[in-house]
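Asker: Below: one structure in structure tokens.
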Number of protein chains: 2
Amino acid sequence: MRKTFLFLDTVINKVDNKGRVSLPADYRSIAKELNTQIVLYRSLTSNCIEGCTEELMEKLASDIETSHDFFSSEQDDLTNLIFGDAKRYSFDSTGRILLSEKLIAHADIKDKAVFVGKGRKFQIWNEAEWAKEEQRVREEILQKRPTIKRKEDV
Amino acid sequence: MRKTFLFLDTVINKVDNKGRVSLPADYRSIAKELNTQIVLYRSLTSNCIEGCTEELMEKLASDIETSHDFFSSEQDDLTNLIFGDAKRYSFDSTGRILLSEKLIAHADIKDKAVFVGKGRKFQIWNEAEWAKEEQRVREEILQKRPTIKRKEDV
DNA sequence: TTAAATACCATGCTATACCATATAGGTAAG
DNA sequence: CTTACCTATATGGTATAGCATGGTATTTAA
């Protein structure tokens, strides 16, 4: 029935004192249907956790293999950074994952986790941080809007 | 459930005074599922130990065969360096391997070993050395990021 | 015969699997 | 339009299994 496999929507779930949090049901069903696991890692650019399917990771590994020399330092650095930080997360029968200390610290997660869909990937934010980020993104879009409008007018 | 065989995550395990260290369970399961052994060798470029499956070694052998002249000195050097240094390591029922003196000396391993996933390969570092290396890589990648993106897009 | 490598046993800890309860969304009957 | 019921998801709590690690025995090699 499902034709696309996109992480969508924004969902806020509670994180208990062990670091457990329910993965949104919608995200779970993607992993289930693709028969793959979820991989989480620290975002390179923001104070948030980023996630994707293991399938996408596999694709990335192949891409790196073919686009760089086997012994190149670029490939070395890239693979260290990406795969060294990524970790498979399996959810239990109730759909929860256990966030690692490293991830929680990086995103400053307290008792709430905000899941934000990004298509092939998704992000997990601290509630207040996400509010700020969303504000920032919206303002940026508004600034660009006049340019778009002008084009439409022409 | 698992369809991919990527070495992921960063795990710190203790090395006892005999040089024994637990291979992370996740890494072991890869060797098990692929029904292959783990091969370790001294990194050509860093003060760390590098590891992969024997399967990947096979692939590397084929690649070298096709990418250089069969009798070239380049191929001689490469094969000497890599295959001459590599050694199979089998783990016992509790999942531990015994690191050789040569490897321990090269990576300056003391009482802790840091396993860093690299996708098809992984590395083993001295704790302090890895901290420095991770820092260096993060800074470098952030600078090069536009270049990488361009490559991925193509 | 001694040292070193390998295999096996025991223990404590923690991730994870499972059960039970609560909450919300949706549907159909009143 | 309201109420009651049902299903799916989220969350709290607890038990269990898997893992890392200390220790010891057994085998292999020098």
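In the structure tokens, each chain is lettered A, B, ... as it comes, each chain's residues begin at 1, and ligands are numbered from 1 in order of appearance.
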How close does each residue of chain D get to chain A, giving the shortest atom pair and distance in Å to one decimal for every residue with an atom at most 10 Å away, counting only C-alpha atoms (C1' of nucleotides), sorted by chain and residue number, as JSON lines?

Answerer:
{"residue": "D:DA8", "atom": "C1'", "partner": "A:Ala25", "partner_atom": "CA", "distance": 9.3}
{"residue": "D:DT9", "atom": "C1'", "partner": "A:Ala25", "partner_atom": "CA", "distance": 7.2}
{"residue": "D:DA10", "atom": "C1'", "partner": "A:Ser22", "partner_atom": "CA", "distance": 7.0}
{"residue": "D:DT11", "atom": "C1'", "partner": "A:Lys14", "partner_atom": "CA", "distance": 8.0}
{"residue": "D:DG12", "atom": "C1'", "partner": "A:Asp16", "partner_atom": "CA", "distance": 9.0}

Asker: Could you name the residues that touch segment 35-42 of chain A at 12 Å or less, counting only C-alpha atoms (C1' of nucleotides), but leaving out those on the same chain fewer than 6 positions away, as a PDB file with C-alpha atoms, in the first residue's frame?

Answerer:
ATOM      1  CA  PHE A   7      10.180  10.311   7.575  1.00  0.00           C
ATOM      2  CA  LEU A  23      10.187   5.875  18.269  1.00  0.00           C
ATOM      3  CA  TYR A  27       8.974   5.725  11.773  1.00  0.00           C
ATOM      4  CA  ARG A  28       8.821   2.201  13.123  1.00  0.00           C
ATOM      5  CA  SER A  29       6.597   1.049  10.322  1.00  0.00           C
ATOM      6  CA  CYS A  48      20.790  17.290  17.519  1.00  0.00           C
ATOM      7  CA  ILE A  49      20.672  13.576  16.851  1.00  0.00           C
ATOM      8  CA  GLU A  50      20.245  12.433  13.285  1.00  0.00           C
ATOM      9  CA  GLY A  51      18.751   9.125  12.171  1.00  0.00           C
ATOM     10  CA  CYS A  52      18.218   7.080   9.049  1.00  0.00           C
ATOM     11  CA  THR A  53      17.790   3.481   7.954  1.00  0.00           C
ATOM     12  CA  GLU A  54      20.697   1.081   7.916  1.00  0.00           C
ATOM     13  CA  GLU A  55      19.909   0.657   4.251  1.00  0.00           C
ATOM     14  CA  LEU A  56      20.875   4.266   3.592  1.00  0.00           C
ATOM     15  CA  MET A  57      24.111   3.718   5.505  1.00  0.00           C
ATOM     16  CA  GLU A  58      24.927   0.768   3.320  1.00  0.00           C
ATOM     17  CA  LEU A  81      33.609  10.175  11.252  1.00  0.00           C
ATOM     18  CA  ILE A  82      30.429   8.695   9.838  1.00  0.00           C
ATOM     19  CA  PHE A  83      30.551   5.030  10.737  1.00  0.00           C
ATOM     20  CA  GLY A  84      32.485   5.532  13.943  1.00  0.00           C
ATOM     21  CA  ASP A  85      29.687   7.618  15.332  1.00  0.00           C
ATOM     22  CA  ALA A  86      26.690   5.742  13.925  1.00  0.00           C
ATOM     23  CA  LYS A  87      25.026   2.969  15.889  1.00  0.00           C
ATOM     24  CA  ARG A  88      22.176   0.574  15.213  1.00  0.00           C
ATOM     25  CA  TYR A  89      19.166   0.975  17.459  1.00  0.00           C
ATOM     26  CA  SER A  90      16.584  -1.762  17.720  1.00  0.00           C
ATOM     27  CA  PHE A  91      13.270  -1.108  19.380  1.00  0.00           C
ATOM     28  CA  GLY A  95       8.601   0.476  20.123  1.00  0.00           C
ATOM     29  CA  ARG A  96      11.176   2.049  22.392  1.00  0.00           C
ATOM     30  CA  ILE A  97      14.881   2.664  21.860  1.00  0.00           C
ATOM     31  CA  LEU A  98      17.521   3.415  24.464  1.00  0.00           C
ATOM     32  CA  LEU A  99      19.456   6.568  23.626  1.00  0.00           C
ATOM     33  CA  SER A 100      23.149   6.422  24.476  1.00  0.00           C
ATOM     34  CA  GLU A 101      24.733   8.877  26.883  1.00  0.00           C
ATOM     35  CA  LYS A 102      26.772  10.325  24.029  1.00  0.00           C
ATOM     36  CA  LEU A 103      23.691  11.137  21.972  1.00  0.00           C
ATOM     37  CA  ILE A 104      21.761  12.547  24.918  1.00  0.00           C
ATOM     38  CA  ALA A 105      24.673  14.788  25.820  1.00  0.00           C
ATOM     39  CA  HIS A 106      25.179  16.018  22.260  1.00  0.00           C
ATOM     40  CA  ALA A 107      21.544  17.026  21.769  1.00  0.00           C
ATOM     41  CA  ASP A 108      21.064  18.088  25.388  1.00  0.00           C
ATOM     42  CA  ARG A 120      15.227   9.988   4.072  1.00  0.00           C
ATOM     43  CA  LYS A 121      16.511  11.089   7.449  1.00  0.00           C
ATOM     44  CA  PHE A 122      15.062  12.462  10.639  1.00  0.00           C
ATOM     45  CA  GLN A 123      16.339  14.446  13.589  1.00  0.00           C
ATOM     46  CA  ILE A 124      15.837  14.339  17.339  1.00  0.00           C
ATOM     47  CA  TRP A 125      15.940  17.637  19.213  1.00  0.00           C
TER      48      TRP A 125
ATOM     49  CA  MET B   1      16.624  -8.558  10.117  1.00  0.00           C
ATOM     50  CA  ARG B   2      20.200  -7.548   9.405  1.00  0.00           C
ATOM     51  CA  LYS B   3      20.947  -7.196   5.720  1.00  0.00           C
ATOM     52  CA  THR B   4      24.080  -5.090   5.884  1.00  0.00           C
ATOM     53  CA  PHE B   5      27.435  -5.845   7.410  1.00  0.00           C
ATOM     54  CA  LEU B   6      28.896  -2.565   8.531  1.00  0.00           C
ATOM     55  CA  LEU B   8      29.707   0.841  13.312  1.00  0.00           C
ATOM     56  CA  ASP B   9      29.960   2.755  16.562  1.00  0.00           C
ATOM     57  CA  THR B  10      32.850   3.397  18.904  1.00  0.00           C
ATOM     58  CA  ARG B 138      35.994  16.618  12.708  1.00  0.00           C
TER      59      ARG B 138
END

Asker: Looking at C:DT1, C:DT27, C:DT6, C:DT11, which one is nearest to chain B, with distances taken over only C-alpha atoms (C1' of nucleotides)?

Answerer: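 Comparing C:DT1, C:DT27, C:DT6, C:DT11 against chain B, the winner is C:DT6.
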
Asker: Could you pull out the alpha helix (DSSP H) residues of segment 5-51 of chain B, going by DSSP on the backbone, and write them as a PyMOL selection string?

Answerer: chain B and resi 25-34

Asker: Using DSSP on the backbone coordinates, identify all residues within chain B classified as strand (DSSP E); present the result as a PyMOL selection string.

Answerer: chain B and resi 10-14+20-22+38-42+49-53+87-89+96-98+112-118+121-125

Asker: Counting only C-alpha atoms (C1' of nucleotides), what are the residues of chain C within 9 Å of chain B, and for each of them which pair of atoms is the nearest and at what distance in Å, to one decimal? Sort the table by chain and rising number, as a tab-separated table.

Answerer:
residue	atom	partner	partner_atom	distance
C:DA5	C1'	B:Leu98	CA	8.5
C:DT6	C1'	B:Asp92	CA	7.7
C:DA7	C1'	B:Asp92	CA	6.7
C:DC8	C1'	B:Ser93	CA	7.8

Asker: Tell me which of A:Asp111, A:Asp26, A:Asp63, A:Glu33 sits closest to chain B, counting only C-alpha atoms.

Answerer: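 Closest to chain B, using only C-alpha atoms: A:Asp63.
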
Asker: Which of these residues is nearest to chain B, using only C-alpha atoms: A:Gly119, A:Ala128, A:Glu74, A:Gln135?

Answerer: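 Of the candidates, the smallest distance to chain B is held by A:Glu74.
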